[in-house]
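One structure is given here, and the rest of the page talks about it.
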Amino acid sequence: MLNRLYCLGSITKMLKLGIVLIYILIAGSLNDSMSHANKFDYSETNQDRWNTCRDVIANDTLAGQVQIKNQLADLQGDVTKVTNLIPLDFSEKLVRMETHLTALESKLETIFSQLTAIQETLSMPPGFIRIGSRYFHIEENIKQNWYTAALTCRQKGGHLASIRNQEELVLISEKLETETFYWLGIFEPIKRGEFATVLSNKTAPFLKWHPQEPKYVDSTLHCVLVRNSVMHVENCKTPSNRFICQADDKN
């Protein structure tokens, strides 16, 4: 502060001396030699003062730069801390949100599956129940021949059933009375030993014969029944058998 005041005083004095010198030069009261000596002394003296002021200003500027650098360094440190904290918290929130969304999607899928099953059940003809992935009607009261059973299934809104695989055979057999024959929608349309479905007249997708079947006692045996989880061939006109209908149009 003292240096700054000194510099301001020096500058004021220099201005006053300059005015005096101008006045002297105009008046012509000083000779050239004295004027030269005085100017030399004045320039040398005040050059030192200017150098001192310049050093003071330079020191102040350097100090200010150092202070600014330190403040910038502190600010950068604070920004780094905040940057490190925000992503971590945000990442944790995202993980929690993803977990909740996954759980919600699972619940929605379960609800959707239940609604689909309910819709399928409501759209099914009366008397059909879900067995595995399909709907069947197992006739336990009426006994008919194969042709009449096929007609009855169509009247109920379905078809005489064909079984698609071993798993489905096991599930259906669990619903059937033991030692009881049930007509299936499988028969020999033309050639012996080549069995097709009544729905499409195409090759039956699955057959599981009793060890002694197909047993052709005579030429009238063309239609298939199931009993105790295995299949038999029988005369299609035999009137004393129960039957199984399917609700869908799948072969």
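Chain labels run A, B, ... following the order of the structure tokens; each chain numbers its residues from 1, and ligands are numbered from 1 in the order shown.
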
Subject >> Residues near Glu167 in chain A, cut-off 10 Å, only C-alpha atoms, skip fewer than 5 positions along chain, as a ChimeraX atom specification >> reply: /A:132,172-173

Original post:
By how many Å are CA of Leu225 in chain A and CA of Ser123 in chain A apart?
Top reply: 28.0 Å

Subject >> Coordinates-based distance that separates CA of Asp218 in chain A from CA of Trp146 in chain A (Å, one decimal) >> reply: 17.2 Å

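Among the candidates A:Thr152, A:Asn145, A:Ser219, A:Ser133, the one nearest to Lys237 in chain A when counting only C-alpha atoms is A:Asn145.
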
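For the pair CA of Asn201 in chain A and CA of Pro189 in chain A, the interatomic distance is 7.6 Å.
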
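By chain and then residue number, the residues within 8 Å of Cys245 in chain A are Phe136, His137, Ile138, Glu139, Cys153, Gly158, His159, Leu160, Ala161 and Leu184 of chain A, counting only C-alpha atoms and disregarding those fewer than 5 positions away in sequence.
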
Store the residues picked out above, limited to all heavy atoms, as a PDB file, in the first residue's frame.
```
ATOM      1  N   PHE A 136     -59.924 -80.440 -24.257  1.00  0.00           N
ATOM      2  CA  PHE A 136     -60.544 -81.703 -24.654  1.00  0.00           C
ATOM      3  C   PHE A 136     -61.862 -81.904 -23.905  1.00  0.00           C
ATOM      4  O   PHE A 136     -62.057 -81.396 -22.802  1.00  0.00           O
ATOM      5  CB  PHE A 136     -59.612 -82.878 -24.341  1.00  0.00           C
ATOM      6  CG  PHE A 136     -58.311 -82.859 -25.099  1.00  0.00           C
ATOM      7  CD1 PHE A 136     -57.196 -82.222 -24.573  1.00  0.00           C
ATOM      8  CD2 PHE A 136     -58.207 -83.478 -26.341  1.00  0.00           C
ATOM      9  CE1 PHE A 136     -55.996 -82.216 -25.255  1.00  0.00           C
ATOM     10  CE2 PHE A 136     -57.011 -83.474 -27.033  1.00  0.00           C
ATOM     11  CZ  PHE A 136     -55.898 -82.831 -26.495  1.00  0.00           C
ATOM     12  N   HIS A 137     -62.729 -82.671 -24.534  1.00  0.00           N
ATOM     13  CA  HIS A 137     -63.942 -83.150 -23.872  1.00  0.00           C
ATOM     14  C   HIS A 137     -63.851 -84.666 -23.796  1.00  0.00           C
ATOM     15  O   HIS A 137     -63.681 -85.336 -24.813  1.00  0.00           O
ATOM     16  CB  HIS A 137     -65.202 -82.757 -24.643  1.00  0.00           C
ATOM     17  CG  HIS A 137     -66.428 -83.451 -24.169  1.00  0.00           C
ATOM     18  ND1 HIS A 137     -67.065 -83.128 -22.980  1.00  0.00           N
ATOM     19  CD2 HIS A 137     -67.148 -84.491 -24.709  1.00  0.00           C
ATOM     20  CE1 HIS A 137     -68.110 -83.907 -22.814  1.00  0.00           C
ATOM     21  NE2 HIS A 137     -68.188 -84.746 -23.845  1.00  0.00           N
ATOM     22  N   ILE A 138     -63.919 -85.183 -22.579  1.00  0.00           N
ATOM     23  CA  ILE A 138     -63.872 -86.636 -22.377  1.00  0.00           C
ATOM     24  C   ILE A 138     -65.292 -87.107 -22.081  1.00  0.00           C
ATOM     25  O   ILE A 138     -65.865 -86.793 -21.035  1.00  0.00           O
ATOM     26  CB  ILE A 138     -62.917 -87.002 -21.223  1.00  0.00           C
ATOM     27  CG1 ILE A 138     -61.496 -86.500 -21.550  1.00  0.00           C
ATOM     28  CG2 ILE A 138     -62.925 -88.500 -20.974  1.00  0.00           C
ATOM     29  CD1 ILE A 138     -60.505 -86.678 -20.418  1.00  0.00           C
ATOM     30  N   GLU A 139     -65.857 -87.867 -23.005  1.00  0.00           N
ATOM     31  CA  GLU A 139     -67.231 -88.355 -22.851  1.00  0.00           C
ATOM     32  C   GLU A 139     -67.234 -89.616 -21.991  1.00  0.00           C
ATOM     33  O   GLU A 139     -66.639 -90.633 -22.349  1.00  0.00           O
ATOM     34  CB  GLU A 139     -67.832 -88.647 -24.216  1.00  0.00           C
ATOM     35  CG  GLU A 139     -69.277 -89.103 -24.162  1.00  0.00           C
ATOM     36  CD  GLU A 139     -70.164 -88.116 -23.427  1.00  0.00           C
ATOM     37  OE1 GLU A 139     -70.232 -86.939 -23.852  1.00  0.00           O
ATOM     38  OE2 GLU A 139     -70.775 -88.530 -22.414  1.00  0.00           O
ATOM     39  N   CYS A 153     -68.770 -85.081 -31.685  1.00  0.00           N
ATOM     40  CA  CYS A 153     -67.716 -84.090 -31.389  1.00  0.00           C
ATOM     41  C   CYS A 153     -67.910 -82.826 -32.227  1.00  0.00           C
ATOM     42  O   CYS A 153     -67.736 -81.708 -31.724  1.00  0.00           O
ATOM     43  CB  CYS A 153     -66.337 -84.693 -31.667  1.00  0.00           C
ATOM     44  SG  CYS A 153     -65.776 -85.874 -30.409  1.00  0.00           S
ATOM     45  N   GLY A 158     -66.207 -79.313 -31.707  1.00  0.00           N
ATOM     46  CA  GLY A 158     -64.827 -79.786 -31.837  1.00  0.00           C
ATOM     47  C   GLY A 158     -64.690 -80.889 -32.864  1.00  0.00           C
ATOM     48  O   GLY A 158     -65.461 -80.969 -33.829  1.00  0.00           O
ATOM     49  N   HIS A 159     -63.719 -81.769 -32.622  1.00  0.00           N
ATOM     50  CA  HIS A 159     -63.451 -82.886 -33.521  1.00  0.00           C
ATOM     51  C   HIS A 159     -63.021 -84.084 -32.679  1.00  0.00           C
ATOM     52  O   HIS A 159     -62.490 -83.924 -31.575  1.00  0.00           O
ATOM     53  CB  HIS A 159     -62.337 -82.539 -34.517  1.00  0.00           C
ATOM     54  CG  HIS A 159     -62.595 -81.290 -35.302  1.00  0.00           C
ATOM     55  ND1 HIS A 159     -63.363 -81.269 -36.435  1.00  0.00           N
ATOM     56  CD2 HIS A 159     -62.186 -80.014 -35.082  1.00  0.00           C
ATOM     57  CE1 HIS A 159     -63.412 -80.031 -36.906  1.00  0.00           C
ATOM     58  NE2 HIS A 159     -62.715 -79.254 -36.103  1.00  0.00           N
ATOM     59  N   LEU A 160     -63.237 -85.267 -33.209  1.00  0.00           N
ATOM     60  CA  LEU A 160     -62.721 -86.459 -32.546  1.00  0.00           C
ATOM     61  C   LEU A 160     -61.199 -86.303 -32.432  1.00  0.00           C
ATOM     62  O   LEU A 160     -60.524 -85.972 -33.407  1.00  0.00           O
ATOM     63  CB  LEU A 160     -63.093 -87.703 -33.349  1.00  0.00           C
ATOM     64  CG  LEU A 160     -63.117 -89.053 -32.600  1.00  0.00           C
ATOM     65  CD1 LEU A 160     -64.041 -89.017 -31.389  1.00  0.00           C
ATOM     66  CD2 LEU A 160     -63.520 -90.171 -33.556  1.00  0.00           C
ATOM     67  N   ALA A 161     -60.667 -86.554 -31.251  1.00  0.00           N
ATOM     68  CA  ALA A 161     -59.309 -86.104 -30.924  1.00  0.00           C
ATOM     69  C   ALA A 161     -58.213 -86.992 -31.490  1.00  0.00           C
ATOM     70  O   ALA A 161     -58.333 -88.218 -31.540  1.00  0.00           O
ATOM     71  CB  ALA A 161     -59.151 -86.005 -29.412  1.00  0.00           C
ATOM     72  N   LEU A 184     -60.501 -92.431 -30.614  1.00  0.00           N
ATOM     73  CA  LEU A 184     -59.687 -91.293 -31.032  1.00  0.00           C
ATOM     74  C   LEU A 184     -60.000 -90.963 -32.488  1.00  0.00           C
ATOM     75  O   LEU A 184     -60.525 -91.814 -33.224  1.00  0.00           O
ATOM     76  CB  LEU A 184     -58.189 -91.610 -30.885  1.00  0.00           C
ATOM     77  CG  LEU A 184     -57.666 -91.850 -29.459  1.00  0.00           C
ATOM     78  CD1 LEU A 184     -56.187 -92.243 -29.505  1.00  0.00           C
ATOM     79  CD2 LEU A 184     -57.861 -90.612 -28.596  1.00  0.00           C
TER      80      LEU A 184
END
```

Fewer than 2 positions away in the same chain doesn't count, so skip those; otherwise give me all residues within 9 Å of Pro214 in chain A, counting only C-alpha atoms, as a JSON list (two decimals) with C-alpha atoms, in the first residue's frame.
```
[["chain", "number", "residue", "atom", "x", "y", "z"],
["A", 193, "GLY", "CA", -51.12, -99.79, -41.56],
["A", 209, "TRP", "CA", -49.53, -99.12, -29.81],
["A", 210, "HIS", "CA", -50.18, -101.88, -27.33],
["A", 211, "PRO", "CA", -47.39, -104.48, -27.76],
["A", 212, "GLN", "CA", -49.79, -106.77, -29.71],
["A", 216, "TYR", "CA", -55.97, -107.36, -37.49],
["A", 231, "MET", "CA", -53.63, -97.69, -28.54],
["A", 232, "HIS", "CA", -55.65, -100.45, -30.20],
["A", 233, "VAL", "CA", -57.31, -100.92, -33.57],
["A", 234, "GLU", "CA", -61.01, -101.83, -33.70]]
```

Subject >> Exercise: range 238-243 of chain A partners within 6 Å, only C-alpha atoms, chain neighbours under 5 positions left out, as a PyMOL selection string >> reply: chain A and resi 139+143-145+181-183
